[in-house]
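Structure first, commentary second.
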Amino acid sequence: MKQLINFIGQQIGKKILVWIAGSLGFSFFAIVAVILLAIIMIIGAVGGSTNNHSIGGNGLSACSVTGEIDEVSWNAAFSNAGAFTGKGDLFIELARLNGIDPVLAAAIAFHETGRGTSNAVVNKNNPGGIMDPATGWSKLMHFSTLEEGLSYTMANLKRRIIDDGLSTIESLGSVYAPIGAANDPNGLNAHWVPTVTKFASELGGLTMNCSPMGSQIVGNEAFKTILNEMLKYEGWSYVWGGYNPNMGFDCSGLMQ
């Protein structure tokens, strides 16, 4: 961490930072905040390269940075999604009606239907691959409209996520696609969690039950220590070349 901070501090030109701050009217701490954010993002990228599941408070790798739906990613995903094309708003409406994450619901639906192209959703309006109990769970349920099928699927997800407490992709996967199940002789269930996670990332990242920057970053004790130390000097005057509390700081000095 210390080496990374020193490296960034040395690489950022002091004159450039001062010019930017003066030109845009940013405070010293606003500039420092940007630098700190850059450090966090770099640490996240480094951590993510060694552990696919390091981003996210629940061990997930697909969390929304803002905690809100990324409209650009969301709309792009729904622009070419078979039976789901143009249905992004319907997903959001029904998911929120049931108190669940629209991104998680959509990611599961995308996976279960091959991005809205399976026979189940195209001909039976069944976006969740839900089996009909009246047939002894041997045949897919048939819904009269896609909205009806989505409503049923969302209510079913609500029972799993809220009532049963299965709030992560991993925990849901243990129910939807248990690894080693007798009815999965080819081991295809092992693809459920990584594929749903991939779709969640494509849709802009999970917006619920997920730490935006990841528990290994925001929750890291070293990060907290650095942030708390920096905040002690909020409001201090900018001092060119300053690098300690006795003389003051410039941007790179504070980072060092």
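Letters A, B, ... go to the chains of the structure tokens in the order shown; residues in each chain start at 1; ligands are counted from 1 in the same order.
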
So that each row is one residue of region 49-160 of chain A with an atom at most 9 Å from region 189-194 of chain A, can you give its shortest atom pair and the distance in Å to one decimal, using only C-alpha atoms, rows by chain and rising number, as JSON lines?
```
{"residue": "A:Ile108", "atom": "CA", "partner": "A:Trp192", "partner_atom": "CA", "distance": 8.8}
{"residue": "A:His111", "atom": "CA", "partner": "A:Trp192", "partner_atom": "CA", "distance": 7.7}
{"residue": "A:Glu112", "atom": "CA", "partner": "A:Trp192", "partner_atom": "CA", "distance": 8.9}
```

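Residues in contact range of Asn125 (chain A), defined as at most 7 Å between only C-alpha atoms, with sequence neighbours fewer than 5 positions away removed, read Ala120, His142, Phe143, Ser144, Thr145, Leu146 and Gly149 of chain A.
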
Discussion item. Report, in Å with one decimal, the straight-line distance from CA of Leu203 (chain A) to CA of Ala105 (chain A).
Written reply: 10.7 Å

Worksheet item: If you run DSSP on this backbone, which residues of region 130-224 of chain A come out as alpha helix (DSSP H), and could you give them as a ChimeraX atom specification?
Response: /A:146-158,169-176,192-202,215-218,221-224

Kindly provide the residues of region 177-204 of chain A that approach region 60-76 of chain A to within 9 Å, each paired with its closest atom pair and their distance in Å to one decimal, based on only C-alpha atoms, listed by chain and increasing number, as JSON lines.
```
{"residue": "A:Thr197", "atom": "CA", "partner": "A:Ala62", "partner_atom": "CA", "distance": 6.2}
{"residue": "A:Lys198", "atom": "CA", "partner": "A:Ala62", "partner_atom": "CA", "distance": 7.3}
{"residue": "A:Phe199", "atom": "CA", "partner": "A:Ala62", "partner_atom": "CA", "distance": 8.6}
{"residue": "A:Ala200", "atom": "CA", "partner": "A:Ala62", "partner_atom": "CA", "distance": 5.9}
{"residue": "A:Ser201", "atom": "CA", "partner": "A:Ala62", "partner_atom": "CA", "distance": 4.6}
{"residue": "A:Glu202", "atom": "CA", "partner": "A:Ser73", "partner_atom": "CA", "distance": 6.6}
{"residue": "A:Leu203", "atom": "CA", "partner": "A:Trp74", "partner_atom": "CA", "distance": 4.7}
{"residue": "A:Gly204", "atom": "CA", "partner": "A:Asp70", "partner_atom": "CA", "distance": 5.0}
```

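Of the listed residues (A:Gly128, A:Arg159, A:Gly187, A:Met208), A:Gly128 comes nearest to Ala109 (chain A); the distances count only C-alpha atoms.
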
Fill in: Atom-to-atom span, CA of Asp164 (chain A) and CA of Asp132 (chain A), Å
21.1 Å

Discussion item. Set the distance at 10 Å and use only C-alpha atoms: which residues neighbour Ile161 (chain A) once local chain neighbours fewer than 5 positions away are removed? I'd like the list as a list in words.
Written reply: Gly99, Ile100, Asp101, Ala155, Asn156, Leu166, Ser167, Thr168, Ile169, Ser171 and Leu172 of chain A

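With only C-alpha atoms as the atoms that count, the minimum distance from Ala106 (chain A) to the choices A:Cys210, A:Val121, A:Val196, A:Met247 is reached by A:Val196.
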
Worksheet item: Expressed in Å to a single decimal, how great is the separation between CA of Gly114 (chain A) and CA of Gly165 (chain A)?
Response: 26.4 Å
